[in-house]
file query_27.cif (mmCIF, C-alpha atoms and all ligand atoms)
data_target
#
loop_
_atom_site.label_atom_id
_atom_site.label_comp_id
_atom_site.auth_asym_id
_atom_site.auth_seq_id
_atom_site.Cartn_x
_atom_site.Cartn_y
_atom_site.Cartn_z
CA MET A 1 100.19 94.39 104.07
CA LYS A 2 103.55 94.42 102.32
CA ILE A 3 103.82 92.31 99.20
CA VAL A 4 107.04 91.74 97.28
CA GLY A 5 107.18 90.63 93.64
CA ILE A 6 110.21 88.83 92.22
CA GLY A 7 110.40 87.89 88.58
CA GLY A 8 110.97 88.75 84.98
CA THR A 9 113.45 88.33 82.18
CA LEU A 10 115.90 90.68 80.49
CA ARG A 11 113.54 91.01 77.52
CA ASP A 12 111.89 94.41 76.99
CA GLY A 13 108.22 94.01 77.88
CA SER A 14 108.86 90.70 79.69
CA SER A 15 105.51 88.95 80.00
CA THR A 16 106.65 87.31 83.25
CA GLU A 17 107.39 90.68 84.79
CA ARG A 18 104.11 92.15 83.53
CA LEU A 19 102.17 89.26 85.04
CA VAL A 20 103.87 89.56 88.44
CA ALA A 21 103.27 93.33 88.32
CA ALA A 22 99.59 92.69 87.50
CA VAL A 23 99.20 90.51 90.61
CA LEU A 24 100.90 93.22 92.70
CA ASP A 25 98.60 95.88 91.21
CA ALA A 26 95.55 93.78 92.07
CA CYS A 27 96.86 93.42 95.64
CA ALA A 28 97.52 97.18 95.78
CA SER A 29 93.90 97.82 94.76
CA MET A 30 92.96 95.87 97.91
CA GLY A 31 95.17 98.10 100.08
CA ALA A 32 98.59 96.38 99.93
CA GLN A 33 101.93 98.17 99.70
CA THR A 34 103.93 96.54 96.93
CA GLN A 35 107.55 96.39 95.83
CA MET A 36 108.77 94.82 92.59
CA PHE A 37 112.13 93.23 91.82
CA GLY A 38 111.94 92.78 88.05
CA GLY A 39 114.48 91.78 85.41
CA SER A 40 116.74 94.82 85.83
CA ALA A 41 116.97 94.40 89.63
CA LEU A 42 117.59 90.65 89.31
CA LYS A 43 120.27 91.23 86.66
CA ALA A 44 122.24 93.36 89.16
CA LEU A 45 122.46 90.49 91.67
CA PRO A 46 125.80 88.65 91.67
CA HIS A 47 125.73 84.86 91.51
CA PHE A 48 124.86 83.76 95.03
CA ASN A 49 127.88 82.57 96.99
CA PRO A 50 126.97 80.70 100.19
CA GLU A 51 130.55 81.06 101.46
CA SER A 52 130.59 84.85 101.35
CA ALA A 53 128.88 87.22 103.77
CA GLU A 54 129.53 90.23 101.53
CA ARG A 55 126.34 91.58 100.03
CA THR A 56 125.69 94.33 97.50
CA THR A 57 123.10 97.04 98.09
CA GLY A 58 120.81 95.25 95.65
CA GLU A 59 121.18 91.93 97.45
CA ARG A 60 120.43 93.52 100.81
CA ALA A 61 117.39 95.31 99.38
CA LEU A 62 115.87 92.05 98.17
CA VAL A 63 116.61 90.08 101.35
CA ASP A 64 115.29 92.89 103.59
CA ALA A 65 112.16 93.32 101.49
CA VAL A 66 111.28 89.61 101.66
CA ARG A 67 112.10 89.54 105.39
CA GLU A 68 109.54 92.29 105.99
CA ALA A 69 106.96 91.03 103.50
CA ASP A 70 103.57 89.59 104.43
CA ALA A 71 103.42 87.79 101.09
CA VAL A 72 105.54 87.19 98.02
CA VAL A 73 104.78 86.77 94.31
CA ILE A 74 107.34 84.87 92.25
CA GLY A 75 107.30 84.74 88.46
CA SER A 76 109.56 82.79 86.12
CA PRO A 77 109.62 82.11 82.43
CA GLY A 78 109.83 78.43 81.48
CA TYR A 79 113.40 78.19 80.25
CA HIS A 80 114.38 74.74 78.95
CA GLY A 81 111.61 73.18 80.99
CA GLY A 82 112.33 74.93 84.28
CA VAL A 83 112.88 78.07 86.35
CA SER A 84 115.26 80.56 84.68
CA GLY A 85 118.73 81.09 86.15
CA LEU A 86 118.03 84.79 86.71
CA VAL A 87 115.03 84.05 88.92
CA LYS A 88 116.60 81.04 90.64
CA ASN A 89 119.67 83.08 91.58
CA ALA A 90 117.41 85.60 93.36
CA ILE A 91 115.63 82.76 95.16
CA ASP A 92 118.96 81.22 96.21
CA LEU A 93 119.99 84.54 97.76
CA LEU A 94 117.05 84.15 100.16
CA GLU A 95 119.20 81.56 101.93
CA ASP A 96 120.16 84.65 103.94
CA LEU A 97 116.74 84.28 105.64
CA ALA A 98 117.51 80.73 106.84
CA ARG A 99 118.25 81.72 110.43
CA ASP A 100 115.42 84.25 110.83
CA ALA A 101 112.67 83.70 113.40
CA HIS A 102 110.46 83.10 110.35
CA PRO A 103 112.88 81.43 107.92
CA TYR A 104 112.52 81.95 104.17
CA PHE A 105 108.76 82.32 103.40
CA ASP A 106 107.62 80.77 106.69
CA GLY A 107 103.93 81.36 107.42
CA ARG A 108 103.40 83.46 104.31
CA PRO A 109 101.45 83.00 101.08
CA VAL A 110 103.39 82.87 97.83
CA GLY A 111 101.68 83.59 94.51
CA LEU A 112 103.32 81.80 91.59
CA VAL A 113 103.33 82.88 87.95
CA VAL A 114 104.85 81.22 84.88
CA SER A 115 105.08 82.37 81.28
CA ALA A 116 106.27 80.01 78.56
CA ALA A 117 105.85 79.35 74.85
CA GLY A 118 104.25 75.95 75.40
CA TRP A 119 101.89 74.31 77.89
CA GLN A 120 104.37 71.63 78.93
CA ALA A 121 106.88 74.21 80.21
CA THR A 122 104.16 76.24 81.97
CA GLY A 123 103.11 73.11 83.91
CA VAL A 124 106.52 71.78 84.90
CA THR A 125 107.86 75.23 85.79
CA LEU A 126 104.83 75.99 87.95
CA ALA A 127 105.29 72.62 89.68
CA ALA A 128 108.99 73.47 90.23
CA LEU A 129 108.08 76.82 91.79
CA ARG A 130 105.60 75.05 94.08
CA GLY A 131 108.35 72.63 95.13
CA ILE A 132 110.70 75.54 95.82
CA THR A 133 108.03 77.36 97.84
CA HIS A 134 107.38 74.26 99.95
CA ALA A 135 111.14 73.78 100.49
CA MET A 136 111.24 77.38 101.72
CA ARG A 137 108.32 76.84 104.11
CA GLY A 138 105.92 79.05 102.19
CA TRP A 139 102.29 78.45 101.27
CA PRO A 140 101.74 78.46 97.49
CA THR A 141 98.32 79.92 96.75
CA PRO A 142 95.83 77.33 95.50
CA LEU A 143 95.74 79.13 92.14
CA GLY A 144 98.99 79.30 90.19
CA ILE A 145 99.04 81.34 87.00
CA ALA A 146 100.40 79.63 83.88
CA VAL A 147 100.36 81.68 80.68
CA ASN A 148 101.20 80.35 77.22
CA THR A 149 102.41 83.41 75.34
CA VAL A 150 102.01 81.69 71.96
CA ALA A 151 98.56 80.15 72.38
CA GLN A 152 97.16 83.12 74.33
CA LYS A 153 97.28 86.86 73.69
CA PRO A 154 97.91 88.08 77.23
CA PHE A 155 98.56 91.80 76.61
CA ALA A 156 97.24 94.79 74.71
CA ALA A 157 99.66 97.08 72.84
CA ASP A 158 100.04 99.27 75.95
CA GLY A 159 101.14 96.26 78.02
CA SER A 160 97.91 95.98 80.01
CA LEU A 161 96.22 92.59 80.43
CA ALA A 162 93.97 91.91 77.46
CA ASP A 163 92.88 88.31 78.06
CA PRO A 164 89.84 88.16 80.39
CA GLU A 165 90.67 84.63 81.61
CA ILE A 166 94.20 85.66 82.60
CA ALA A 167 92.86 88.86 84.17
CA ALA A 168 90.40 86.77 86.20
CA ALA A 169 93.21 84.44 87.33
CA VAL A 170 95.34 87.43 88.37
CA ALA A 171 92.44 88.88 90.38
CA MET A 172 91.74 85.52 92.04
CA GLN A 173 95.36 84.90 92.96
CA ALA A 174 95.57 88.41 94.45
CA ARG A 175 92.42 87.72 96.53
CA GLN A 176 93.92 84.44 97.77
CA ILE A 177 97.18 86.18 98.72
CA MET A 178 95.39 88.98 100.60
CA GLN A 179 92.99 86.59 102.35
CA PHE A 180 95.81 84.34 103.56
CA ALA A 181 98.11 87.23 104.54
CA LYS A 182 95.34 88.91 106.57
CA GLY A 183 94.54 85.60 108.30
CA ALA A 184 98.21 85.07 109.18
CA ALA A 185 98.76 88.63 110.47
C1 LIG B 1 116.62 80.34 76.82
C2 LIG B 1 115.15 80.10 76.59
C3 LIG B 1 114.62 78.86 76.86
C4 LIG B 1 113.26 78.63 76.66
N1 LIG B 1 112.78 77.38 76.92
C5 LIG B 1 111.45 77.15 76.74
C6 LIG B 1 110.92 75.86 77.02
O1 LIG B 1 111.61 74.92 77.38
N2 LIG B 1 109.59 75.68 76.81
C7 LIG B 1 108.77 76.70 76.40
O2 LIG B 1 107.56 76.50 76.28
N3 LIG B 1 109.25 77.94 76.16
C8 LIG B 1 110.58 78.18 76.32
N4 LIG B 1 111.08 79.43 76.09
C9 LIG B 1 110.14 80.51 75.73
C10 LIG B 1 109.83 81.39 76.94
O3 LIG B 1 109.48 80.62 78.07
C11 LIG B 1 108.65 82.31 76.63
O4 LIG B 1 108.94 83.06 75.47
C12 LIG B 1 108.33 83.21 77.80
O5 LIG B 1 107.04 83.74 77.61
C13 LIG B 1 109.36 84.32 77.95
O6 LIG B 1 109.02 85.16 79.04
P1 LIG B 1 109.22 86.74 78.97
O7 LIG B 1 108.16 87.30 78.06
O8 LIG B 1 109.04 87.17 80.39
O9 LIG B 1 110.59 87.01 78.45
C14 LIG B 1 112.43 79.68 76.22
C15 LIG B 1 112.98 80.93 75.94
C16 LIG B 1 114.32 81.15 76.11
C17 LIG B 1 114.90 82.52 75.81
#
call {"tool": "encode", "arguments": {"input": "query_27.cif", "output": "structure tokens"}}
result
Amino acid sequence: MKIVGIGGTLRDGSSTERLVAAVLDACASMGAQTQMFGGSALKALPHFNPESAERTTGERALVDAVREADAVVIGSPGYHGGVSGLVKNAIDLLEDLARDAHPYFDGRPVGLVVSAAGWQATGVTLAALRGITHAMRGWPTPLGIAVNTVAQKPFAADGSLADPEIAAAVAMQARQIMQFAKGAA
């Protein structure tokens, strides 16, 4: 099983990126091969231009990785009540998968993760990511992960998950991803 993670911000210690990485790690502990496109990889992507066929090495790497993936994990911070531009630009690039035999996320599970400073943004951003996943023919896992970085204390000083409820959600989402991906294979 190949699982690709996309998400993060340009902040050092991005909670979004840590949460996506935690889902990938949980999938890896169940035998998956994982690849992460975090804030630094997303920052290197030019603004997506649908009228240009030129692609950078970084753009090709992301498109090829998703093309070959059995499942995807997408994480976004709630920025002004929605998906951040950095993450959305990476998603828009996946338009390059539109004419594949399995377009976009077709037939594949997509784990969704949101980090925000308030509950309202966690909810609407998670709903937006579900809408995006449906538009791109993917199957959002039943459990989405919404973390409020003000009301919760997600991480220990070393960056590992410290909140048992969030850790349980990460483990459950990883199980749902693996179960669906194995069933679809
Ligand atoms: C530009 C910007 C816009 C934001 N907008 C919201 C928002 O509308 N609602 C909210 O709850 N938090 C908002 N936040 C807070 C972030 O969602 C929150 O700090 C998140 O955990 C950051 O993720 P990170 O740790 O991966 O950088 C905003 C932060 C920034 C920088």
call {"tool": "residues_near_ligand", "arguments": {"input": "query_27.cif", "ligand": "ligand LIG 1 (chain B)", "cutoff": "6 Å", "atoms": "only C-alpha atoms and all ligand atoms", "output": "list in words"}}
result
Gly8, Thr9, Arg11, Ser14, Ser15, Thr16, Glu17, Pro77, Gly78, Tyr79, His80, Gly81, Ser115, Ala116, Ala117, Gly118, Ala121 and Thr149 of chain A
call {"tool": "closest_residue", "arguments": {"input": "query_27.cif", "among": "A:Ala32, A:Val66, A:Ala167, A:Ala21", "to": "Ala90 (chain A)", "atoms": "only C-alpha atoms"}}
result
A:Val66
call {"tool": "residues_around", "arguments": {"input": "query_27.cif", "residues": "Ile166 (chain A)", "least_positions_apart": "2", "cutoff": "8 Å", "atoms": "only C-alpha atoms", "output": "list in words"}}
result
Ile145, Val147, Pro154, Leu161, Asp163, Pro164, Ala168, Ala169 and Val170 of chain A
call {"tool": "atom_distance", "arguments": {"input": "query_27.cif", "atom1": "CA of Leu94 (chain A)", "atom2": "CA of Arg60 (chain A)"}}
result
10.0 Å
call {"tool": "atom_distance", "arguments": {"input": "query_27.cif", "atom1": "CA of Gly39 (chain A)", "atom2": "CA of Lys182 (chain A)"}}
result
28.7 Å
call {"tool": "atom_distance", "arguments": {"input": "query_27.cif", "atom1": "CA of Phe48 (chain A)", "atom2": "CA of Leu93 (chain A)"}}
result
5.6 Å
call {"tool": "residues_around", "arguments": {"input": "query_27.cif", "residues": "Leu42 (chain A)", "least_positions_apart": "5", "cutoff": "12 Å", "atoms": "only C-alpha atoms", "output": "CSV table (one decimal) with C-alpha atoms, keeping the file's coordinate frame"}}
result
chain,number,residue,atom,x,y,z
A,5,GLY,CA,107.2,90.6,93.6
A,6,ILE,CA,110.2,88.8,92.2
A,7,GLY,CA,110.4,87.9,88.6
A,8,GLY,CA,111.0,88.8,85.0
A,9,THR,CA,113.4,88.3,82.2
A,10,LEU,CA,115.9,90.7,80.5
A,17,GLU,CA,107.4,90.7,84.8
A,36,MET,CA,108.8,94.8,92.6
A,37,PHE,CA,112.1,93.2,91.8
A,47,HIS,CA,125.7,84.9,91.5
A,48,PHE,CA,124.9,83.8,95.0
A,58,GLY,CA,120.8,95.2,95.6
A,59,GLU,CA,121.2,91.9,97.4
A,61,ALA,CA,117.4,95.3,99.4
A,62,LEU,CA,115.9,92.0,98.2
A,75,GLY,CA,107.3,84.7,88.5
A,76,SER,CA,109.6,82.8,86.1
A,84,SER,CA,115.3,80.6,84.7
A,85,GLY,CA,118.7,81.1,86.2
A,86,LEU,CA,118.0,84.8,86.7
A,87,VAL,CA,115.0,84.0,88.9
A,88,LYS,CA,116.6,81.0,90.6
A,89,ASN,CA,119.7,83.1,91.6
A,90,ALA,CA,117.4,85.6,93.4
A,91,ILE,CA,115.6,82.8,95.2
A,92,ASP,CA,119.0,81.2,96.2
A,93,LEU,CA,120.0,84.5,97.8
call {"tool": "closest_residue", "arguments": {"input": "query_27.cif", "among": "A:Gln35, A:Glu68, A:Ala127, A:Cys27", "to": "Ala101 (chain A)", "atoms": "all atoms listed in the file"}}
result
A:Glu68
call {"tool": "closest_residue", "arguments": {"input": "query_27.cif", "among": "A:Val23, A:Met30, A:Val110, A:Val4", "to": "Ile132 (chain A)", "atoms": "all atoms listed in the file"}}
result
A:Val110
call {"tool": "axis_aligned_box", "arguments": {"input": "query_27.cif", "around": "region 124-136 of chain A", "padding_each_side": "3 Å", "output": "AutoDock Vina command-line options"}}
result
--center_x 108.0 --center_y 74.6 --center_z 93.3 --size_x 12.4 --size_y 11.6 --size_z 22.8
call {"tool": "closest_residue", "arguments": {"input": "query_27.cif", "among": "A:Ala184, A:Val113, A:Leu129, A:Val150", "to": "Ala22 (chain A)", "atoms": "all atoms listed in the file"}}
result
A:Val113
call {"tool": "residues_around", "arguments": {"input": "query_27.cif", "residues": "Trp119 (chain A)", "least_positions_apart": "3", "cutoff": "9 Å", "atoms": "all atoms listed in the file", "output": "list of chain:residue names"}}
result
A:Ala116, A:Thr122, A:Gly123, A:Val124, A:Ala146, A:Val147, A:Asn148, A:Ala151
call {"tool": "residues_near_point", "arguments": {"input": "query_27.cif", "point": "(96.2, 88.5, 99.7)", "cutoff": "10 Å", "atoms": "only C-alpha atoms", "output": "MDAnalysis selection string"}}
result
chainID A and resid 1:3 23:24 26:28 30:32 70:72 108:111 141 172:183
call {"tool": "closest_residue", "arguments": {"input": "query_27.cif", "among": "A:Lys43, A:Arg55, A:Gly38, A:Gly107", "to": "Arg18 (chain A)", "atoms": "all atoms listed in the file"}}
result
A:Gly38
call {"tool": "residues_around", "arguments": {"input": "query_27.cif", "residues": "Phe105 (chain A)", "least_positions_apart": "5", "cutoff": "7 Å", "atoms": "all atoms listed in the file", "output": "list in words"}}
result
Met136, Arg137 and Gly138 of chain A
